[in-house]
>>> print(open('work_13.txt').read())   # compact mmCIF, C-alpha atoms and all ligand atoms
# COMPACT_ATOMS: atom_id res chain seq x y z
CA MET A 1 0.00 0.00 0.00
CA LYS A 2 1.40 3.37 -1.07
CA LYS A 3 1.11 6.66 0.82
CA VAL A 4 0.18 9.29 -1.74
CA VAL A 5 0.11 13.07 -1.23
CA ILE A 6 -1.79 15.15 -3.80
CA ILE A 7 -1.56 18.92 -3.44
CA GLY A 8 -4.70 20.34 -5.08
CA ALA A 9 -7.20 17.48 -4.97
CA SER A 10 -10.47 19.15 -3.98
CA SER A 11 -11.68 19.03 -7.61
CA GLY A 12 -10.74 18.17 -11.20
CA ILE A 13 -7.64 16.17 -12.09
CA GLY A 14 -6.31 16.00 -8.52
CA LYS A 15 -9.58 14.68 -7.08
CA ALA A 16 -10.01 12.11 -9.88
CA LEU A 17 -6.41 10.93 -9.40
CA ALA A 18 -7.00 10.66 -5.64
CA LEU A 19 -10.08 8.52 -6.29
CA ARG A 20 -8.05 6.25 -8.58
CA TYR A 21 -5.39 5.69 -5.88
CA ILE A 22 -8.13 5.13 -3.26
CA ASN A 23 -9.77 2.52 -5.51
CA GLU A 24 -6.40 0.79 -5.90
CA GLY A 25 -6.31 0.44 -2.09
CA HIS A 26 -3.75 3.13 -1.25
CA LYS A 27 -3.77 5.81 1.47
CA VAL A 28 -4.16 9.32 0.08
CA GLY A 29 -3.49 12.74 1.64
CA ILE A 30 -5.37 15.51 -0.16
CA THR A 31 -5.22 19.30 0.01
CA GLY A 32 -6.97 22.41 -1.28
CA ARG A 33 -8.57 25.53 0.15
CA ARG A 34 -12.16 24.22 -0.07
CA LYS A 35 -12.18 22.16 3.12
CA HIS A 36 -15.79 20.98 2.69
CA LEU A 37 -14.84 19.22 -0.58
CA LEU A 38 -11.89 17.49 1.10
CA GLU A 39 -14.17 16.44 3.98
CA GLU A 40 -16.71 14.96 1.53
CA LEU A 41 -14.08 12.57 0.17
CA GLN A 42 -12.81 11.75 3.65
CA LEU A 43 -16.35 10.90 4.80
CA GLN A 44 -16.65 8.44 1.89
CA PHE A 45 -13.31 6.75 2.63
CA PRO A 46 -12.45 7.43 6.29
CA GLN A 47 -9.76 4.71 6.50
CA GLN A 48 -7.89 5.86 3.41
CA VAL A 49 -8.25 9.64 3.11
CA PHE A 50 -6.42 12.27 5.16
CA ILE A 51 -6.94 15.98 4.61
CA GLU A 52 -5.13 19.28 5.09
CA ALA A 53 -6.88 22.48 3.99
CA PHE A 54 -4.55 25.36 3.13
CA ASP A 55 -3.79 28.01 0.53
CA VAL A 56 -0.54 27.27 -1.33
CA ALA A 57 -0.18 31.02 -1.94
CA GLY A 58 0.30 31.41 1.83
CA THR A 59 3.43 31.15 3.94
CA GLU A 60 2.88 27.85 5.75
CA ASN A 61 3.15 25.27 2.98
CA ILE A 62 5.85 23.19 4.65
CA PHE A 63 4.05 23.18 8.00
CA HIS A 64 0.89 21.82 6.32
CA LEU A 65 2.75 19.30 4.15
CA LYS A 66 4.61 17.92 7.19
CA HIS A 67 1.33 17.63 9.10
CA LEU A 68 -0.27 15.72 6.22
CA ILE A 69 2.71 13.33 5.95
CA ASP A 70 2.46 12.72 9.72
CA GLN A 71 -1.23 11.88 9.38
CA LEU A 72 -0.46 9.44 6.53
CA GLY A 73 2.45 7.91 8.44
CA GLY A 74 4.89 8.61 5.58
CA MET A 75 4.96 9.45 1.88
CA ASP A 76 5.92 7.40 -1.20
CA LEU A 77 4.41 9.52 -3.97
CA PHE A 78 4.08 13.30 -4.11
CA VAL A 79 1.90 15.01 -6.74
CA TYR A 80 1.71 18.80 -7.22
CA CYS A 81 -1.58 19.54 -8.96
CA SER A 82 -2.71 22.90 -7.52
CA GLY A 83 -2.96 25.49 -10.23
CA THR A 84 -4.74 28.55 -11.50
CA GLY A 85 -5.07 29.67 -15.10
CA GLU A 86 -6.72 33.08 -15.15
CA ALA A 87 -6.26 35.05 -18.38
CA SER A 88 -4.41 38.33 -18.02
CA LYS A 89 -5.53 39.98 -21.25
CA THR A 90 -4.72 43.54 -20.18
CA LEU A 91 -1.67 42.42 -18.23
CA ASN A 92 -3.04 42.47 -14.73
CA LEU A 93 -0.34 42.38 -12.04
CA GLU A 94 -2.65 40.93 -9.40
CA ILE A 95 -3.57 37.97 -11.62
CA ASP A 96 0.02 37.34 -12.67
CA GLN A 97 1.35 37.54 -9.11
CA GLN A 98 -1.34 35.20 -7.81
CA THR A 99 -0.61 32.75 -10.65
CA THR A 100 3.08 32.85 -9.77
CA LEU A 101 2.40 32.30 -6.06
CA ILE A 102 0.22 29.23 -6.71
CA ASN A 103 1.88 27.64 -9.75
CA VAL A 104 5.51 28.48 -8.95
CA ASN A 105 5.99 29.34 -5.24
CA GLY A 106 3.62 26.67 -3.92
CA PHE A 107 5.14 24.15 -6.32
CA VAL A 108 8.79 24.86 -5.51
CA GLU A 109 8.30 25.02 -1.74
CA THR A 110 6.45 21.72 -1.46
CA THR A 111 8.46 19.93 -4.15
CA VAL A 112 11.82 20.82 -2.60
CA TYR A 113 10.55 19.46 0.71
CA ALA A 114 9.28 16.26 -0.95
CA PHE A 115 12.51 15.72 -2.93
CA ASN A 116 14.71 16.06 0.19
CA TYR A 117 12.30 13.86 2.14
CA PHE A 118 12.68 11.14 -0.52
CA VAL A 119 16.48 11.55 -0.60
CA GLN A 120 16.59 10.88 3.16
CA GLN A 121 14.14 8.01 2.84
CA GLY A 122 16.10 6.48 -0.06
CA HIS A 123 13.18 6.25 -2.48
CA GLY A 124 10.11 8.13 -3.72
CA GLN A 125 8.26 9.54 -6.66
CA ILE A 126 7.57 13.16 -7.62
CA VAL A 127 4.92 14.20 -10.11
CA GLY A 128 4.08 17.70 -11.33
CA ILE A 129 0.93 18.51 -13.28
CA SER A 130 2.35 21.06 -15.69
CA SER A 131 0.73 21.82 -19.08
CA ILE A 132 1.22 21.94 -22.83
CA ALA A 133 1.26 25.71 -22.11
CA ALA A 134 4.83 25.16 -20.88
CA TYR A 135 6.15 25.12 -24.45
CA ARG A 136 5.67 28.72 -25.59
CA GLY A 137 4.85 32.23 -24.35
CA ASN A 138 1.12 32.87 -24.22
CA SER A 139 -0.01 36.47 -24.81
CA TRP A 140 -3.43 35.82 -23.18
CA ALA A 141 -2.03 34.39 -19.97
CA PRO A 142 1.69 35.24 -19.76
CA ALA A 143 2.16 34.12 -16.14
CA TYR A 144 0.34 30.83 -16.70
CA GLY A 145 2.56 29.70 -19.59
CA ALA A 146 5.69 30.93 -17.82
CA SER A 147 4.72 29.17 -14.58
CA LYS A 148 4.25 25.88 -16.39
CA ALA A 149 7.58 26.31 -18.22
CA TYR A 150 9.17 26.79 -14.78
CA MET A 151 7.54 23.59 -13.52
CA SER A 152 8.57 21.45 -16.48
CA ASN A 153 12.13 22.80 -16.49
CA TYR A 154 12.43 22.32 -12.71
CA LEU A 155 11.11 18.75 -12.88
CA GLU A 156 13.68 17.87 -15.57
CA ALA A 157 16.42 19.30 -13.34
CA LEU A 158 15.24 17.22 -10.37
CA SER A 159 15.21 14.08 -12.49
CA ILE A 160 18.83 14.65 -13.53
CA LYS A 161 19.78 15.53 -9.94
CA ALA A 162 18.29 12.27 -8.63
CA SER A 163 20.12 10.22 -11.24
CA ARG A 164 23.44 12.03 -10.50
CA MET A 165 22.91 11.27 -6.81
CA LYS A 166 22.22 7.64 -7.78
CA ILE A 167 19.06 7.53 -5.69
CA PRO A 168 15.84 5.84 -6.81
CA VAL A 169 13.71 8.97 -6.84
CA THR A 170 11.76 9.27 -10.07
CA VAL A 171 10.26 12.46 -11.46
CA THR A 172 7.31 12.66 -13.87
CA ASP A 173 6.28 15.79 -15.76
CA VAL A 174 2.61 15.54 -16.78
CA GLN A 175 1.63 17.95 -19.55
CA PRO A 176 -2.12 17.96 -20.19
CA GLY A 177 -3.70 19.64 -23.20
CA PHE A 178 -7.34 20.52 -22.45
CA VAL A 179 -9.15 18.41 -19.88
CA GLN A 180 -12.84 18.73 -18.94
CA THR A 181 -12.60 20.40 -15.50
CA GLU A 182 -13.60 23.71 -13.84
CA MET A 183 -10.39 25.21 -15.22
CA ALA A 184 -11.10 24.46 -18.90
CA LYS A 185 -13.05 27.58 -19.84
CA GLY A 186 -13.32 29.57 -23.06
CA ASN A 187 -14.64 28.99 -26.55
CA LYS A 188 -11.34 28.35 -28.31
CA LEU A 189 -10.71 24.96 -26.71
CA PHE A 190 -10.25 21.84 -28.81
CA TRP A 191 -9.44 18.15 -28.27
CA ILE A 192 -10.95 18.48 -24.76
CA ALA A 193 -10.38 15.15 -23.03
CA PRO A 194 -12.97 13.65 -20.69
CA LEU A 195 -11.61 13.73 -17.14
CA ASP A 196 -11.66 9.93 -16.69
CA LYS A 197 -9.67 9.35 -19.90
CA ALA A 198 -7.04 11.95 -18.96
CA VAL A 199 -6.66 10.63 -15.42
CA LYS A 200 -6.34 7.04 -16.62
CA GLN A 201 -3.40 8.13 -18.80
CA ILE A 202 -1.88 10.17 -15.95
CA PHE A 203 -2.18 7.23 -13.55
CA ASN A 204 -0.54 4.86 -16.06
CA ALA A 205 2.32 7.30 -16.71
CA ILE A 206 2.96 7.64 -12.96
CA GLU A 207 2.90 3.89 -12.39
CA LYS A 208 5.29 3.37 -15.34
CA LYS A 209 7.53 6.10 -13.87
CA LYS A 210 7.58 7.98 -17.17
CA ARG A 211 9.90 11.01 -17.31
CA LYS A 212 7.47 13.19 -19.27
CA VAL A 213 4.04 12.60 -20.77
CA GLN A 214 1.51 14.57 -22.79
CA VAL A 215 -2.15 13.94 -21.93
CA THR A 216 -4.08 12.86 -23.88
CA LYS A 217 -1.54 11.16 -26.14
CA ARG A 218 -2.45 13.17 -29.26
CA TRP A 219 -1.12 16.30 -27.50
CA ALA A 220 2.40 14.97 -28.09
CA LEU A 221 1.90 16.18 -31.65
CA ILE A 222 1.06 19.72 -30.47
CA ALA A 223 4.08 19.65 -28.14
CA TRP A 224 6.29 18.72 -31.08
CA VAL A 225 4.85 21.46 -33.30
CA LEU A 226 5.20 24.07 -30.54
CA THR A 227 8.82 23.04 -29.99
CA TRP A 228 9.81 23.59 -33.61
CA LEU A 229 7.44 26.31 -34.84
CA PRO A 230 9.37 29.47 -35.76
CA TYR A 231 8.54 32.57 -33.71
CA SER A 232 7.32 34.49 -36.77
CA ILE A 233 4.58 31.90 -37.41
CA TYR A 234 3.77 31.24 -33.73
CA LYS A 235 3.28 35.01 -33.20
CA LYS A 236 0.51 35.08 -35.81
CA LEU A 237 -1.29 32.07 -34.28
CA ASN A 238 -1.14 33.11 -30.59
N1 LIG B 1 -8.08 21.35 -17.16
C1 LIG B 1 -7.17 21.60 -18.12
O1 LIG B 1 -7.52 21.76 -19.31
C2 LIG B 1 -5.70 21.65 -17.76
C3 LIG B 1 -4.77 21.69 -18.82
C4 LIG B 1 -3.41 21.74 -18.52
C5 LIG B 1 -3.00 21.73 -17.20
N2 LIG B 1 -3.91 21.69 -16.19
C6 LIG B 1 -3.41 21.72 -14.81
O2 LIG B 1 -4.03 20.73 -14.02
C7 LIG B 1 -4.01 21.15 -12.66
C8 LIG B 1 -5.36 20.84 -12.04
O3 LIG B 1 -6.34 21.67 -12.64
P1 LIG B 1 -7.81 21.17 -12.98
O4 LIG B 1 -7.99 21.25 -14.42
O5 LIG B 1 -8.08 19.88 -12.30
O6 LIG B 1 -8.69 22.36 -12.36
P2 LIG B 1 -9.48 22.52 -11.00
O7 LIG B 1 -10.60 21.55 -10.91
O8 LIG B 1 -9.80 23.98 -10.92
O9 LIG B 1 -8.41 22.14 -9.86
C9 LIG B 1 -7.47 23.04 -9.37
C10 LIG B 1 -7.00 22.54 -8.02
O10 LIG B 1 -5.99 23.44 -7.57
C11 LIG B 1 -6.33 23.85 -6.26
N3 LIG B 1 -5.90 25.22 -6.01
C12 LIG B 1 -6.08 26.31 -6.79
N4 LIG B 1 -5.63 27.40 -6.17
C13 LIG B 1 -5.15 26.98 -4.96
C14 LIG B 1 -4.56 27.65 -3.85
N5 LIG B 1 -4.39 28.98 -3.83
N6 LIG B 1 -4.19 26.91 -2.77
C15 LIG B 1 -4.37 25.57 -2.77
N7 LIG B 1 -4.90 24.90 -3.78
C16 LIG B 1 -5.31 25.60 -4.86
C17 LIG B 1 -7.85 23.77 -6.20
O11 LIG B 1 -8.27 23.64 -4.85
P3 LIG B 1 -9.07 24.81 -4.05
O12 LIG B 1 -9.81 25.64 -5.04
O13 LIG B 1 -9.98 24.02 -3.13
O14 LIG B 1 -8.03 25.54 -3.31
C18 LIG B 1 -8.10 22.49 -6.98
O15 LIG B 1 -8.00 21.37 -6.15
C19 LIG B 1 -3.62 22.62 -12.66
O16 LIG B 1 -2.29 22.77 -12.24
C20 LIG B 1 -3.75 23.03 -14.12
O17 LIG B 1 -2.87 24.07 -14.47
C21 LIG B 1 -5.25 21.65 -16.43
>>> encode(input="work_13.txt", output="structure tokens", more="lines below")
Ligand SMILES: NC(=O)c1ccc[n+]([C@@H]2O[C@H](COP(=O)([O-])OP(=O)(O)OC[C@H]3O[C@@H](n4cnc5c(N)ncnc54)[C@H](OP(=O)(O)O)[C@@H]3O)[C@@H](O)[C@H]2O)c1
Amino acid sequence: MKKVVIIGASSGIGKALALRYINEGHKVGITGRRKHLLEELQLQFPQQVFIEAFDVAGTENIFHLKHLIDQLGGMDLFVYCSGTGEASKTLNLEIDQQTTLINVNGFVETTVYAFNYFVQQGHGQIVGISSIAAYRGNSWAPAYGASKAYMSNYLEALSIKASRMKIPVTVTDVQPGFVQTEMAKGNKLFWIAPLDKAVKQIFNAIEKKKRKVQVTKRWALIAWVLTWLPYSIYKKLN
């Protein structure tokens, strides 16, 4: 039985992934600001679900993460899923700062703690839910794309660091395209994946300890195009 921590599991991808691990018989520690949603899941599975309600944009991330690990009695798998994706069409500082606090600060604080925890323990698995948005600058949501680029780049660095240290800590960068959740808003979305399909692919990638995965699989094509598309053409499309 694994002890799984998912930061940002009160709804969407994080909640569906938590349910998958619960159904597989594992213990899961879930977080989010909406405590009532965390409590709902805990009421359903009181033996398997542990909760910690906090805002990752705050200053007490490590305190809360430690408390959750104590409740679980350890940690084998750490997933960072909290995220916000507000558009900043007129370049709004408040939106961009809040995006950076949640998608970058919250991520780096908790992930550094989890990585060092796994180094001490001698094993563990780190997963970050990044995005296809990591590949290029996005004029509609500059901080969102940049925050996901930070995540993906950081996760690659941790993977190399773990292999240099010769410790069995694996790192998976999950890059979803569009997935049917509260976050997927707007009328320009395409290839929107049903939540269960996306989470099945995410679960499989984690269990196979993949280094990086696009979800759903067809988004690998978009990732490839975004990697090689010249700026002059990308500028016209974005
Ligand atoms: N849906 C997509 O199309 C898509 C595509 C690419 C990447 N992603 C990524 O997938 C991840 C999950 O998003 P989702 O689609 O499942 O949307 P979602 O249902 O809105 O889930 C977002 C999660 O992040 C948590 N969160 C947001 N702000 C937080 C804060 N300040 N403190 C703590 N937790 C916070 C939310 O919990 P509370 O609100 O309870 O705090 C919730 O559990 C995000 O990182 C997102 O960038 C999604």
>>> atom_distance(input="work_13.txt", atom1="CA of Gln98 (chain A)", atom2="CA of Tyr135 (chain A)")
20.8 Å
>>> residues_near_ligand(input="work_13.txt", ligand="ligand LIG 1 (chain B)", cutoff="7 Å", atoms="all atoms listed in the file", output="VMD selection string")
chain A and resid 7 to 15 31 to 35 54 to 57 81 to 85 102 to 103 129 to 132 175 to 184
>>> atom_distance(input="work_13.txt", atom1="CA of Gln42 (chain A)", atom2="CA of Glu109 (chain A)")
25.5 Å
>>> residues_near_point(input="work_13.txt", point="(2.4, 4.4, -0.4)", cutoff="7 Å", atoms="only C-alpha atoms", output="list in words")
Met1, Lys2, Lys3, Val4, His26, Lys27, Met75, Asp76 and Leu77 of chain A
>>> residues_around(input="work_13.txt", residues="Gly137 (chain A)", least_positions_apart="2", cutoff="12 Å", atoms="all atoms listed in the file", output="JSON, numbers by chain")
{"A": [132, 133, 134, 135, 139, 140, 141, 142, 143, 144, 145, 146, 147, 148, 149, 150, 226, 227, 231, 234, 235, 237, 238]}
>>> write_last_selection(input="work_13.txt", atoms="C-alpha atoms", output="CSV table (one decimal), keeping the file's coordinate frame")
chain,number,residue,atom,x,y,z
A,132,ILE,CA,1.2,21.9,-22.8
A,133,ALA,CA,1.3,25.7,-22.1
A,134,ALA,CA,4.8,25.2,-20.9
A,135,TYR,CA,6.2,25.1,-24.4
A,139,SER,CA,0.0,36.5,-24.8
A,140,TRP,CA,-3.4,35.8,-23.2
A,141,ALA,CA,-2.0,34.4,-20.0
A,142,PRO,CA,1.7,35.2,-19.8
A,143,ALA,CA,2.2,34.1,-16.1
A,144,TYR,CA,0.3,30.8,-16.7
A,145,GLY,CA,2.6,29.7,-19.6
A,146,ALA,CA,5.7,30.9,-17.8
A,147,SER,CA,4.7,29.2,-14.6
A,148,LYS,CA,4.2,25.9,-16.4
A,149,ALA,CA,7.6,26.3,-18.2
A,150,TYR,CA,9.2,26.8,-14.8
A,226,LEU,CA,5.2,24.1,-30.5
A,227,THR,CA,8.8,23.0,-30.0
A,231,TYR,CA,8.5,32.6,-33.7
A,234,TYR,CA,3.8,31.2,-33.7
A,235,LYS,CA,3.3,35.0,-33.2
A,237,LEU,CA,-1.3,32.1,-34.3
A,238,ASN,CA,-1.1,33.1,-30.6
>>> residues_around(input="work_13.txt", residues="Gly74 (chain A)", least_positions_apart="5", cutoff="12 Å", atoms="all atoms listed in the file", output="VMD selection string")
chain A and resid 1 to 5 27 to 29 50 65 to 69 114 117 to 118 121 123 to 124
>>> closest_residue(input="work_13.txt", among="A:Leu38, A:Ile206, A:Gln44, A:Lys89", to="Asn23 (chain A)", atoms="only C-alpha atoms")
A:Gln44
>>> closest_residue(input="work_13.txt", among="A:Val213, A:Ala87, A:Val169, A:Leu155", to="Gly186 (chain A)", atoms="only C-alpha atoms")
A:Ala87
>>> residues_around(input="work_13.txt", residues="Tyr113 (chain A)", least_positions_apart="6", cutoff="12 Å", atoms="only C-alpha atoms", output="list of chain:residue names")
A:Asn61, A:Ile62, A:Phe63, A:His64, A:Leu65, A:Lys66, A:Ile69, A:Met75, A:Phe78, A:Tyr80, A:Gly106, A:Phe107, A:Val119, A:Gln120, A:Ile126
>>> atom_distance(input="work_13.txt", atom1="CA of Ile51 (chain A)", atom2="CA of Asp173 (chain A)")
24.3 Å
>>> closest_residue(input="work_13.txt", among="A:Val215, A:Ile167, A:Val225, A:Val49", to="Pro194 (chain A)", atoms="all atoms listed in the file")
A:Val215
>>> closest_residue(input="work_13.txt", among="A:Leu195, A:Leu91, A:Ile22, A:Val171", to="Ala157 (chain A)", atoms="only C-alpha atoms")
A:Val171
>>> axis_aligned_box(input="work_13.txt", around="region 24-32 of chain A", padding_each_side="5 Å", output="AutoDock Vina command-line options")
--center_x -5.2 --center_y 11.4 --center_z -2.1 --size_x 13.5 --size_y 32.0 --size_z 17.5
